[in-house]
file input28.txt (compact mmCIF, C-alpha atoms and all ligand atoms)
# COMPACT_ATOMS: atom_id res chain seq x y z
CA MET A 1 16.58 -4.25 -14.16
CA PRO A 2 15.44 -3.25 -10.68
CA SER A 3 12.25 -1.24 -10.61
CA GLN A 4 12.76 2.49 -11.01
CA LEU A 5 9.53 3.16 -9.15
CA LEU A 6 10.90 1.34 -6.13
CA SER A 7 14.37 2.88 -6.25
CA PRO A 8 15.34 5.69 -3.89
CA ILE A 9 15.81 9.30 -4.94
CA THR A 10 17.91 11.99 -3.30
CA LEU A 11 17.10 15.69 -3.37
CA ARG A 12 19.65 17.86 -1.53
CA ASP A 13 20.24 16.06 1.82
CA LEU A 14 17.02 14.06 1.71
CA THR A 15 16.84 10.49 0.45
CA VAL A 16 13.36 9.10 -0.16
CA ARG A 17 12.94 5.32 -0.16
CA ASN A 18 10.99 5.11 -3.42
CA ARG A 19 9.38 7.22 -6.13
CA ILE A 20 5.77 6.59 -5.13
CA TRP A 21 4.65 9.82 -3.56
CA VAL A 22 1.24 10.79 -2.25
CA PRO A 23 0.23 14.25 -3.52
CA PRO A 24 -1.48 16.82 -1.34
CA MET A 25 -5.20 16.15 -1.02
CA CYS A 26 -7.45 18.50 0.95
CA GLN A 27 -9.48 16.71 3.58
CA TYR A 28 -11.55 19.70 4.75
CA SER A 29 -11.39 18.09 8.16
CA ALA A 30 -10.10 20.83 10.45
CA THR A 31 -13.54 20.68 11.95
CA GLY A 32 -12.75 23.25 14.64
CA ARG A 33 -12.45 25.80 11.80
CA ASP A 34 -9.14 26.77 13.37
CA GLY A 35 -6.83 25.21 10.77
CA VAL A 36 -5.72 22.54 13.28
CA VAL A 37 -5.36 18.87 12.40
CA THR A 38 -7.81 16.37 13.85
CA PRO A 39 -7.57 12.59 14.42
CA TRP A 40 -8.74 12.11 10.83
CA HIS A 41 -5.50 13.62 9.53
CA LEU A 42 -3.39 11.32 11.70
CA MET A 43 -5.15 8.24 10.39
CA HIS A 44 -5.17 9.53 6.81
CA TYR A 45 -1.49 10.46 6.48
CA GLY A 46 -0.21 7.65 8.70
CA SER A 47 -1.97 5.05 6.56
CA PHE A 48 -0.12 6.07 3.36
CA ALA A 49 3.26 5.83 5.10
CA ARG A 50 2.30 2.47 6.56
CA GLY A 51 1.24 1.50 3.06
CA GLY A 52 4.73 2.01 1.62
CA ALA A 53 4.69 5.49 0.06
CA GLY A 54 8.08 7.18 -0.24
CA ALA A 55 6.80 10.65 0.54
CA VAL A 56 3.49 11.75 1.98
CA ILE A 57 2.67 15.37 1.23
CA VAL A 58 0.17 17.00 3.52
CA GLU A 59 -2.71 18.79 1.81
CA ALA A 60 -2.87 22.46 0.81
CA THR A 61 -2.25 24.26 4.10
CA ALA A 62 -3.14 27.92 4.19
CA VAL A 63 -0.49 30.46 5.12
CA VAL A 64 -3.13 33.01 6.20
CA PRO A 65 -6.76 32.54 7.28
CA GLU A 66 -8.09 34.28 4.16
CA GLY A 67 -6.03 31.87 2.04
CA ARG A 68 -8.17 28.86 2.96
CA ILE A 69 -10.35 27.27 0.31
CA SER A 70 -12.92 26.57 3.01
CA PRO A 71 -13.27 27.19 6.74
CA THR A 72 -12.21 23.59 7.45
CA ASP A 73 -8.85 23.72 5.64
CA LEU A 74 -5.59 23.23 7.49
CA GLY A 75 -3.55 26.32 8.33
CA LEU A 76 -0.04 27.13 9.43
CA TRP A 77 -0.31 30.75 10.49
CA ASP A 78 -0.03 30.03 14.21
CA ASP A 79 2.00 27.88 16.56
CA ALA A 80 -0.93 25.74 17.74
CA GLN A 81 -1.37 24.56 14.15
CA ARG A 82 2.34 23.77 13.96
CA ASP A 83 2.32 21.80 17.21
CA ALA A 84 -0.70 19.75 16.13
CA LEU A 85 1.12 18.78 12.91
CA ARG A 86 4.09 17.26 14.76
CA PRO A 87 2.38 13.90 15.47
CA VAL A 88 1.49 13.64 11.77
CA VAL A 89 5.16 14.02 10.89
CA GLU A 90 6.18 11.52 13.59
CA LEU A 91 3.71 8.92 12.33
CA VAL A 92 4.97 9.28 8.77
CA HIS A 93 8.59 9.02 9.92
CA GLU A 94 7.90 6.03 12.14
CA GLN A 95 6.66 4.21 9.04
CA GLY A 96 9.79 4.98 7.02
CA ALA A 97 8.37 7.66 4.72
CA VAL A 98 9.30 11.33 4.47
CA ALA A 99 6.79 14.04 5.25
CA GLY A 100 6.11 17.02 3.03
CA ILE A 101 3.58 19.80 3.25
CA GLN A 102 2.03 22.00 0.59
CA LEU A 103 1.88 25.68 1.53
CA ALA A 104 -0.98 27.47 -0.14
CA HIS A 105 -3.04 30.62 -0.60
CA ALA A 106 -6.34 30.06 -2.35
CA GLY A 107 -6.64 33.65 -3.67
CA ARG A 108 -9.91 34.31 -5.47
CA LYS A 109 -10.97 30.66 -4.97
CA ALA A 110 -10.91 30.99 -1.17
CA SER A 111 -13.94 31.23 1.13
CA THR A 112 -16.00 28.49 -0.44
CA GLY A 113 -18.01 25.69 1.04
CA ALA A 114 -16.02 22.46 1.22
CA GLU A 115 -17.14 19.51 -0.87
CA TRP A 116 -18.94 18.30 2.21
CA GLY A 117 -19.54 19.41 5.78
CA THR A 118 -19.75 23.17 5.37
CA GLY A 119 -22.61 23.36 2.88
CA ARG A 120 -22.56 25.20 -0.47
CA PRO A 121 -19.96 22.91 -2.07
CA GLY A 122 -17.81 24.89 -4.46
CA GLN A 123 -19.79 28.07 -3.94
CA SER A 124 -18.72 31.29 -2.25
CA LEU A 125 -19.66 31.42 1.41
CA PRO A 126 -21.41 34.60 2.52
CA GLU A 127 -20.06 36.30 5.64
CA SER A 128 -23.11 35.13 7.55
CA GLU A 129 -21.90 31.56 7.00
CA GLY A 130 -18.28 32.21 7.94
CA GLY A 131 -17.06 33.49 4.58
CA TRP A 132 -14.66 36.37 3.95
CA THR A 133 -13.48 38.74 1.21
CA THR A 134 -11.08 37.04 -1.18
CA LEU A 135 -7.84 38.44 -2.60
CA ALA A 136 -6.44 38.11 -6.11
CA PRO A 137 -4.00 39.74 -8.54
CA SER A 138 -6.89 41.62 -10.15
CA ALA A 139 -10.54 42.18 -9.29
CA VAL A 140 -11.56 39.43 -11.71
CA PRO A 141 -13.67 36.64 -10.18
CA TYR A 142 -13.42 32.94 -10.89
CA GLU A 143 -16.57 32.15 -12.83
CA GLY A 144 -19.46 31.79 -10.40
CA LEU A 145 -17.53 32.87 -7.31
CA ALA A 146 -17.59 36.17 -5.39
CA ASP A 147 -15.64 39.19 -6.62
CA PRO A 148 -12.10 39.33 -5.16
CA VAL A 149 -10.22 42.45 -4.14
CA ALA A 150 -6.95 43.13 -6.01
CA LEU A 151 -3.88 42.93 -3.78
CA ASP A 152 -1.89 46.14 -3.41
CA GLU A 153 1.90 46.09 -2.94
CA ALA A 154 1.62 45.95 0.85
CA GLY A 155 -0.78 43.04 0.51
CA ILE A 156 1.67 41.25 -1.77
CA ASP A 157 4.44 41.76 0.81
CA ARG A 158 2.17 40.24 3.47
CA VAL A 159 1.60 37.18 1.29
CA VAL A 160 5.36 36.67 0.89
CA ASP A 161 5.92 37.09 4.63
CA ALA A 162 3.12 34.63 5.39
CA PHE A 163 4.64 31.95 3.15
CA VAL A 164 7.97 32.43 4.94
CA ALA A 165 6.44 32.25 8.42
CA ALA A 166 4.48 29.12 7.50
CA ALA A 167 7.61 27.55 6.00
CA GLU A 168 9.51 28.20 9.20
CA ARG A 169 6.75 26.58 11.21
CA ALA A 170 6.75 23.60 8.87
CA VAL A 171 10.48 23.18 9.48
CA GLU A 172 9.86 23.41 13.24
CA ALA A 173 7.13 20.77 12.96
CA GLY A 174 9.71 18.39 11.48
CA PHE A 175 8.71 18.27 7.81
CA ASP A 176 11.38 17.02 5.43
CA LEU A 177 10.31 18.91 2.33
CA LEU A 178 8.08 21.83 1.42
CA GLU A 179 5.95 22.46 -1.64
CA ILE A 180 4.75 25.87 -2.83
CA HIS A 181 1.29 25.57 -4.40
CA GLY A 182 1.37 27.36 -7.73
CA ALA A 183 -1.34 25.31 -9.45
CA HIS A 184 -5.11 24.82 -9.75
CA GLY A 185 -6.13 28.44 -9.98
CA TYR A 186 -5.03 29.45 -6.51
CA LEU A 187 -3.27 32.71 -5.75
CA LEU A 188 0.20 32.08 -7.24
CA HIS A 189 -1.30 30.49 -10.35
CA GLU A 190 -3.70 33.45 -10.62
CA PHE A 191 -0.65 35.70 -10.83
CA LEU A 192 0.97 33.45 -13.47
CA SER A 193 -2.03 33.40 -15.78
CA PRO A 194 -2.89 36.25 -18.16
CA LEU A 195 -6.52 35.23 -17.76
CA SER A 196 -6.60 36.23 -14.09
CA ASN A 197 -3.70 38.68 -13.86
CA ARG A 198 -4.58 42.01 -15.50
CA ARG A 199 -2.16 44.06 -13.43
CA THR A 200 -0.28 46.93 -14.99
CA ASP A 201 2.43 47.13 -12.31
CA SER A 202 5.60 44.99 -12.07
CA TYR A 203 3.57 41.92 -10.97
CA GLY A 204 1.64 41.73 -14.24
CA GLY A 205 2.11 42.02 -17.98
CA ASP A 206 4.72 39.76 -19.52
CA LEU A 207 5.64 36.37 -18.10
CA ALA A 208 8.49 37.81 -16.02
CA GLY A 209 6.00 40.14 -14.36
CA ARG A 210 3.37 37.45 -13.82
CA ALA A 211 5.99 35.08 -12.36
CA LYS A 212 7.46 37.73 -10.06
CA LEU A 213 5.36 36.83 -7.02
CA MET A 214 5.97 33.07 -7.38
CA LEU A 215 9.73 33.68 -7.59
CA ARG A 216 9.66 36.14 -4.69
CA VAL A 217 7.94 33.52 -2.54
CA VAL A 218 10.45 30.87 -3.60
CA ASP A 219 13.44 33.16 -2.90
CA ALA A 220 12.11 34.21 0.49
CA VAL A 221 11.27 30.66 1.58
CA ARG A 222 14.51 29.19 0.21
CA ALA A 223 16.49 31.76 2.19
CA ARG A 224 14.87 30.77 5.48
CA ILE A 225 14.77 26.97 5.36
CA PRO A 226 17.74 24.65 5.88
CA GLU A 227 20.14 24.44 2.95
CA GLY A 228 19.71 20.66 2.80
CA MET A 229 15.91 20.72 2.70
CA PRO A 230 14.26 20.21 -0.70
CA LEU A 231 11.85 22.90 -1.88
CA LEU A 232 9.24 21.81 -4.44
CA ALA A 233 6.66 23.69 -6.47
CA ARG A 234 3.46 22.57 -8.11
CA LEU A 235 2.27 24.18 -11.33
CA SER A 236 -0.62 23.78 -13.70
CA GLY A 237 1.25 23.02 -16.91
CA THR A 238 -1.67 24.17 -19.04
CA GLU A 239 -5.07 25.74 -18.50
CA TRP A 240 -6.49 23.82 -21.48
CA THR A 241 -7.70 27.22 -22.71
CA ASP A 242 -6.55 29.42 -25.59
CA GLY A 243 -4.74 32.48 -24.30
CA GLY A 244 -4.11 30.92 -20.89
CA PHE A 245 -0.93 29.97 -19.04
CA ASP A 246 0.36 27.23 -21.30
CA LEU A 247 3.09 24.61 -21.53
CA GLU A 248 5.53 26.96 -23.22
CA GLU A 249 5.19 29.52 -20.42
CA THR A 250 5.31 26.72 -17.85
CA THR A 251 8.61 25.52 -19.31
CA GLN A 252 10.12 28.97 -18.81
CA VAL A 253 8.75 29.23 -15.27
CA VAL A 254 10.12 25.78 -14.37
CA THR A 255 13.55 26.87 -15.64
CA TRP A 256 13.38 30.00 -13.50
CA LEU A 257 12.20 27.99 -10.49
CA GLY A 258 15.21 25.71 -10.87
CA GLU A 259 17.52 28.72 -11.04
CA HIS A 260 15.92 30.03 -7.85
CA GLY A 261 16.55 26.83 -5.88
CA VAL A 262 13.46 24.70 -6.48
CA ASP A 263 14.48 21.05 -6.46
CA MET A 264 11.51 19.43 -8.18
CA VAL A 265 8.35 20.61 -9.91
CA ASP A 266 5.15 18.61 -9.93
CA VAL A 267 3.07 19.23 -13.02
CA SER A 268 -0.68 19.20 -12.74
CA SER A 269 -3.09 21.22 -14.88
CA GLY A 270 -6.15 23.42 -15.02
CA GLY A 271 -8.19 24.98 -12.24
CA ASN A 272 -7.97 28.68 -13.06
CA VAL A 273 -10.78 28.88 -15.57
CA PRO A 274 -13.51 26.39 -16.45
CA ALA A 275 -12.20 24.20 -19.28
CA THR A 276 -12.74 20.89 -20.98
CA ILE A 277 -9.96 18.64 -19.73
CA PRO A 278 -9.14 15.42 -21.58
CA VAL A 279 -9.14 13.31 -18.44
CA GLY A 280 -7.93 9.73 -18.79
CA PRO A 281 -5.15 7.39 -17.65
CA GLY A 282 -1.88 9.33 -17.32
CA TYR A 283 -3.44 12.37 -19.02
CA GLN A 284 -0.96 14.86 -17.54
CA ALA A 285 2.14 12.71 -18.11
CA PRO A 286 2.85 14.32 -21.53
CA LEU A 287 3.18 17.67 -19.73
CA ALA A 288 5.76 16.09 -17.40
CA ALA A 289 7.55 14.52 -20.37
CA HIS A 290 7.81 17.91 -22.10
CA LEU A 291 9.21 19.60 -18.99
CA SER A 292 11.66 16.73 -18.38
CA ALA A 293 12.88 17.08 -21.96
CA HIS A 294 13.14 20.87 -21.99
CA THR A 295 14.40 21.77 -18.50
CA ASP A 296 17.08 20.55 -16.10
CA VAL A 297 14.65 20.45 -13.18
CA PRO A 298 13.50 17.07 -11.85
CA ILE A 299 9.81 16.65 -12.62
CA SER A 300 7.11 14.57 -10.97
CA ALA A 301 4.08 13.33 -12.86
CA VAL A 302 0.54 13.03 -11.52
CA GLY A 303 -2.97 12.36 -12.72
CA MET A 304 -4.68 9.00 -13.01
CA ILE A 305 -1.48 7.04 -12.77
CA ASP A 306 -3.31 4.27 -11.01
CA GLU A 307 -1.42 1.04 -11.70
CA PRO A 308 2.14 0.02 -10.71
CA PHE A 309 3.22 -0.89 -14.25
CA GLN A 310 1.79 2.34 -15.59
CA ALA A 311 3.77 4.27 -12.96
CA GLU A 312 6.93 2.29 -13.76
CA HIS A 313 6.43 3.10 -17.45
CA VAL A 314 6.31 6.85 -16.78
CA LEU A 315 9.72 6.63 -15.12
CA VAL A 316 11.35 4.13 -17.47
CA THR A 317 10.43 6.27 -20.46
CA GLY A 318 12.03 9.32 -18.85
CA GLN A 319 8.83 11.32 -18.51
CA ALA A 320 9.43 12.04 -14.83
CA GLU A 321 11.65 11.22 -11.84
CA VAL A 322 8.79 10.61 -9.42
CA VAL A 323 5.18 9.55 -9.76
CA ARG A 324 2.44 10.86 -7.52
CA VAL A 325 -0.52 8.64 -6.86
CA GLY A 326 -3.53 10.36 -5.32
CA ARG A 327 -7.01 8.90 -5.50
CA ALA A 328 -5.70 5.37 -5.96
CA PHE A 329 -4.12 5.74 -2.50
CA LEU A 330 -7.45 6.93 -1.10
CA ARG A 331 -9.03 3.74 -2.43
CA ASP A 332 -6.12 1.59 -1.28
CA PRO A 333 -3.79 3.10 1.35
CA ALA A 334 -1.44 0.11 0.86
CA TRP A 335 -1.06 0.90 -2.86
CA ALA A 336 2.72 1.01 -2.64
CA LEU A 337 2.92 -2.39 -0.94
CA HIS A 338 0.95 -3.87 -3.82
CA ALA A 339 3.36 -2.16 -6.21
CA VAL A 340 6.28 -3.74 -4.34
CA ILE A 341 4.74 -7.15 -4.86
CA ALA A 342 3.83 -6.53 -8.52
CA LEU A 343 7.32 -5.20 -9.34
CA HIS A 344 9.19 -7.77 -7.23
CA GLY A 345 10.61 -5.24 -4.80
CA ASP A 346 12.01 -5.75 -1.35
CA ALA A 347 9.26 -7.13 0.89
CA GLU A 348 11.04 -5.64 3.92
CA ILE A 349 8.94 -2.54 3.34
CA ILE A 350 5.88 -4.45 4.56
CA PRO A 351 5.47 -3.61 8.24
CA PRO A 352 6.37 -6.70 10.30
CA GLN A 353 3.03 -6.50 12.04
CA TYR A 354 1.30 -7.18 8.70
CA ARG A 355 3.69 -9.62 7.00
CA ARG A 356 1.57 -12.67 7.70
CA ALA A 357 -1.10 -11.08 5.54
CA TYR A 358 1.23 -11.07 2.51
CA ARG A 359 2.70 -14.59 2.67
CA GLN A 360 0.55 -15.92 -0.12
CA GLN A 361 1.32 -13.05 -2.50
CA LEU A 362 5.04 -13.17 -1.79
CA ARG A 363 5.13 -16.89 -2.62
CA GLN A 364 3.35 -16.15 -5.88
CA GLY A 365 5.77 -13.33 -6.61
C1 LIG B 1 -9.77 14.76 -2.38
C2 LIG B 1 -8.74 15.53 -3.19
C3 LIG B 1 -8.15 16.65 -2.64
C4 LIG B 1 -7.15 17.34 -3.35
N1 LIG B 1 -6.51 18.39 -2.74
C5 LIG B 1 -5.42 18.92 -3.34
C6 LIG B 1 -4.58 19.83 -2.63
O1 LIG B 1 -4.73 20.07 -1.45
N2 LIG B 1 -3.54 20.38 -3.31
C7 LIG B 1 -3.27 20.06 -4.62
O2 LIG B 1 -2.32 20.59 -5.19
N3 LIG B 1 -4.01 19.16 -5.27
C8 LIG B 1 -5.06 18.56 -4.66
N4 LIG B 1 -5.75 17.58 -5.30
C9 LIG B 1 -5.25 17.06 -6.59
C10 LIG B 1 -4.35 15.83 -6.33
O3 LIG B 1 -3.19 16.18 -5.64
C11 LIG B 1 -3.96 15.13 -7.65
O4 LIG B 1 -3.20 16.00 -8.43
C12 LIG B 1 -5.18 14.66 -8.44
O5 LIG B 1 -6.06 13.95 -7.62
C13 LIG B 1 -4.78 13.82 -9.64
O6 LIG B 1 -4.06 12.67 -9.24
P1 LIG B 1 -4.78 11.22 -9.10
O7 LIG B 1 -5.48 10.95 -10.40
O8 LIG B 1 -3.66 10.28 -8.80
O9 LIG B 1 -5.76 11.33 -7.96
C14 LIG B 1 -6.78 16.90 -4.64
C15 LIG B 1 -7.43 15.80 -5.20
C16 LIG B 1 -8.38 15.10 -4.49
C17 LIG B 1 -8.99 13.87 -5.09

call {"tool": "encode", "arguments": {"input": "input28.txt", "output": "structure tokens"}}
result
Amino acid sequence: MPSQLLSPITLRDLTVRNRIWVPPMCQYSATGRDGVVTPWHLMHYGSFARGGAGAVIVEATAVVPEGRISPTDLGLWDDAQRDALRPVVELVHEQGAVAGIQLAHAGRKASTGAEWGTGRPGQSLPESEGGWTTLAPSAVPYEGLADPVALDEAGIDRVVDAFVAAAERAVEAGFDLLEIHGAHGYLLHEFLSPLSNRRTDSYGGDLAGRAKLMLRVVDAVRARIPEGMPLLARLSGTEWTDGGFDLEETTQVVTWLGEHGVDMVDVSSGGNVPATIPVGPGYQAPLAAHLSAHTDVPISAVGMIDEPFQAEHVLVTGQAEVVRVGRAFLRDPAWALHAVIALHGDAEIIPPQYRRAYRQQLRQG
């Protein structure tokens, strides 16, 4: 049997060369604090494409300035940001991969110090250090962070419009697929979760109310991007907390997302409230397996899927259609080339400039 991990997948008009995808990973490296990519991003994203990934998904990119996690996040609320992203897309394409981008609004978890570089890692930044007032479904803070202001209806409309404008810019920059960030306790997840959404209007209450903003964003973006372009969403499949947004609710939301034109959902977990997470190899794959079994929407799995055979297993056992490999790609940007060798794939994927470096391994294979 040929490797499933190394086999192509088609979503709408887009065919991706394999099922090894690099998930979005914030680099906090827009050092001009203007949301614009820097040489770091070119090297970072280009290296994964060179290293054989099927799709490379650019990190959480804020649709409005106040939607950044930190001042050094990427943004896509102006044309200069769009133009600076074009070379990233070109590099990824030149290396045979497809380029995606995750569009995001950090909600009540915005305006924090990045893990490095901006000081105060994971803490709210005061205005004197470049911070700003955060927005959320309700005036309920994330534990330890500053109090957010609850969005009113006009504010919600602005969020939807900002996602659409950023999506249009992403299309103009040449991206092949878009992902709406609905996970990890950021704005759209905050709306989904009863722990952070205490609204009494049509955007709160039962699951249909809590999912209304996510579906509005999906509808609005879907309507303005090319018909043949895949639209993805990322969700936290559980908050690992009693009374939180759980797998049962996620299953319903994934079904709705599919009905609204989402082509694949990536299932992550947590991030909206502090929780004890049973981290370990493939720890989120059971969430993907549940969603694959209970919805018609293609699912991708992520989370400590670090080895080629482990990734192959997730696909062969029907848990997901695609595997995302994050930190293992940071450690080894040629991760997918090693997977090709381990799974006896087509060595043509190795860039000709580097083939001499693989002669020994190919003979052994
Ligand atoms: C440095 C870093 C930055 C991340 N930034 C994002 C992000 O921008 N958007 C997102 O949805 N997840 C983000 N994540 C989560 C990853 O996409 C991924 O889900 C997580 O690392 C688990 O996969 P892994 O075990 O293969 O690394 C980030 C993770 C890391 C390590």

call {"tool": "residues_near_ligand", "arguments": {"input": "input28.txt", "ligand": "ligand LIG 1 (chain B)", "cutoff": "6 Å", "atoms": "all atoms listed in the file", "output": "ChimeraX atom specification"}}
result
/A:23-26,59-60,268,302-305,325-327

call {"tool": "residues_near_point", "arguments": {"input": "input28.txt", "point": "(-3.6, 16.0, -10.8)", "cutoff": "12 Å", "atoms": "all atoms listed in the file", "output": "ChimeraX atom specification"}}
result
/A:22-25,183-184,234-238,266-271,277,279-285,287-288,300-306,323-328

call {"tool": "closest_residue", "arguments": {"input": "input28.txt", "among": "A:Ala170, A:Val253, A:Ala165, A:Ala320", "to": "Ile20 in chain A", "atoms": "all atoms listed in the file"}}
result
A:Ala320

call {"tool": "residues_around", "arguments": {"input": "input28.txt", "residues": "Val254 in chain A", "least_positions_apart": "2", "cutoff": "12 Å", "atoms": "only C-alpha atoms", "output": "VMD selection string"}}
result
chain A and resid 182 192 211 214 to 215 218 232 to 237 247 to 252 256 to 267 287 to 288 290 to 299

call {"tool": "axis_aligned_box", "arguments": {"input": "input28.txt", "around": "range 41-59 of chain A", "padding_each_side": "6 Å", "output": "AutoDock Vina command-line options"}}
result
--center_x 1.3 --center_y 10.1 --center_z 5.7 --size_x 25.6 --size_y 29.3 --size_z 23.9

call {"tool": "atom_distance", "arguments": {"input": "input28.txt", "atom1": "CA of Thr112 in chain A", "atom2": "CA of Tyr203 in chain A"}}
result
26.0 Å

call {"tool": "atom_distance", "arguments": {"input": "input28.txt", "atom1": "CA of Val36 in chain A", "atom2": "CA of Ala173 in chain A"}}
result
13.0 Å

call {"tool": "residues_around", "arguments": {"input": "input28.txt", "residues": "Gly46 in chain A", "least_positions_apart": "6", "cutoff": "7 Å", "atoms": "all atoms listed in the file", "output": "JSON, numbers by chain"}}
result
{"A": [88, 91, 92]}

call {"tool": "atom_distance", "arguments": {"input": "input28.txt", "atom1": "CA of Ile349 in chain A", "atom2": "CA of Arg331 in chain A"}}
result
19.9 Å

call {"tool": "closest_residue", "arguments": {"input": "input28.txt", "among": "A:Gly144, A:Pro137, A:Gly131, A:Gly205", "to": "Pro65 in chain A", "atoms": "all atoms listed in the file"}}
result
A:Gly131

call {"tool": "build_atoms", "arguments": {"input": "input28.txt", "residues": "range 351-358 of chain A", "atoms": "all heavy atoms", "output": "short mmCIF file (atom, residue, chain, number, x, y, z; two decimals), in the frame of the given file"}}
result
data_model
loop_
_atom_site.label_atom_id
_atom_site.label_comp_id
_atom_site.auth_asym_id
_atom_site.auth_seq_id
_atom_site.Cartn_x
_atom_site.Cartn_y
_atom_site.Cartn_z
N PRO A 351 5.27 -3.67 6.79
CA PRO A 351 5.47 -3.61 8.24
C PRO A 351 5.40 -5.02 8.83
O PRO A 351 4.56 -5.82 8.43
CB PRO A 351 4.28 -2.76 8.73
CG PRO A 351 3.80 -2.02 7.54
CD PRO A 351 4.12 -2.88 6.36
N PRO A 352 6.33 -5.34 9.76
CA PRO A 352 6.37 -6.70 10.30
C PRO A 352 5.03 -7.14 10.90
O PRO A 352 4.66 -8.31 10.81
CB PRO A 352 7.47 -6.63 11.35
CG PRO A 352 7.77 -5.19 11.56
CD PRO A 352 7.36 -4.46 10.33
N GLN A 353 4.33 -6.15 11.43
CA GLN A 353 3.03 -6.50 12.04
C GLN A 353 2.06 -7.09 11.02
O GLN A 353 1.10 -7.78 11.40
CB GLN A 353 2.39 -5.24 12.66
CG GLN A 353 3.16 -4.61 13.81
CD GLN A 353 4.11 -3.52 13.33
OE1 GLN A 353 4.62 -3.56 12.20
NE2 GLN A 353 4.37 -2.55 14.19
N TYR A 354 2.26 -6.77 9.74
CA TYR A 354 1.30 -7.18 8.70
C TYR A 354 1.85 -8.27 7.77
O TYR A 354 1.17 -8.70 6.86
CB TYR A 354 0.93 -5.96 7.83
CG TYR A 354 -0.05 -4.99 8.45
CD1 TYR A 354 -0.40 -5.04 9.79
CD2 TYR A 354 -0.64 -4.00 7.66
CE1 TYR A 354 -1.30 -4.14 10.34
CE2 TYR A 354 -1.54 -3.09 8.20
CZ TYR A 354 -1.86 -3.16 9.55
OH TYR A 354 -2.74 -2.27 10.07
N ARG A 355 3.08 -8.72 8.01
CA ARG A 355 3.69 -9.62 7.00
C ARG A 355 2.93 -10.91 6.80
O ARG A 355 2.88 -11.44 5.69
CB ARG A 355 5.14 -9.89 7.36
CG ARG A 355 5.99 -8.80 6.73
CD ARG A 355 7.45 -9.00 6.81
NE ARG A 355 7.99 -7.64 6.79
CZ ARG A 355 9.04 -7.24 7.44
NH1 ARG A 355 9.73 -8.10 8.16
NH2 ARG A 355 9.42 -5.99 7.38
N ARG A 356 2.32 -11.42 7.87
CA ARG A 356 1.57 -12.67 7.70
C ARG A 356 0.47 -12.53 6.66
O ARG A 356 0.06 -13.50 6.03
CB ARG A 356 0.96 -13.10 9.03
CG ARG A 356 1.95 -13.79 9.93
CD ARG A 356 1.41 -14.02 11.30
NE ARG A 356 0.27 -14.94 11.32
CZ ARG A 356 -0.37 -15.29 12.44
NH1 ARG A 356 0.02 -14.82 13.61
NH2 ARG A 356 -1.39 -16.11 12.38
N ALA A 357 0.00 -11.30 6.49
CA ALA A 357 -1.10 -11.08 5.54
C ALA A 357 -0.62 -11.16 4.09
O ALA A 357 -1.44 -11.24 3.17
CB ALA A 357 -1.73 -9.71 5.79
N TYR A 358 0.70 -11.12 3.89
CA TYR A 358 1.23 -11.07 2.51
C TYR A 358 1.93 -12.37 2.10
O TYR A 358 2.48 -12.45 1.01
CB TYR A 358 2.21 -9.90 2.39
CG TYR A 358 1.52 -8.54 2.35
CD1 TYR A 358 1.21 -7.86 3.52
CD2 TYR A 358 1.15 -7.96 1.14
CE1 TYR A 358 0.57 -6.63 3.50
CE2 TYR A 358 0.51 -6.72 1.10
CZ TYR A 358 0.22 -6.07 2.29
OH TYR A 358 -0.41 -4.86 2.25
#
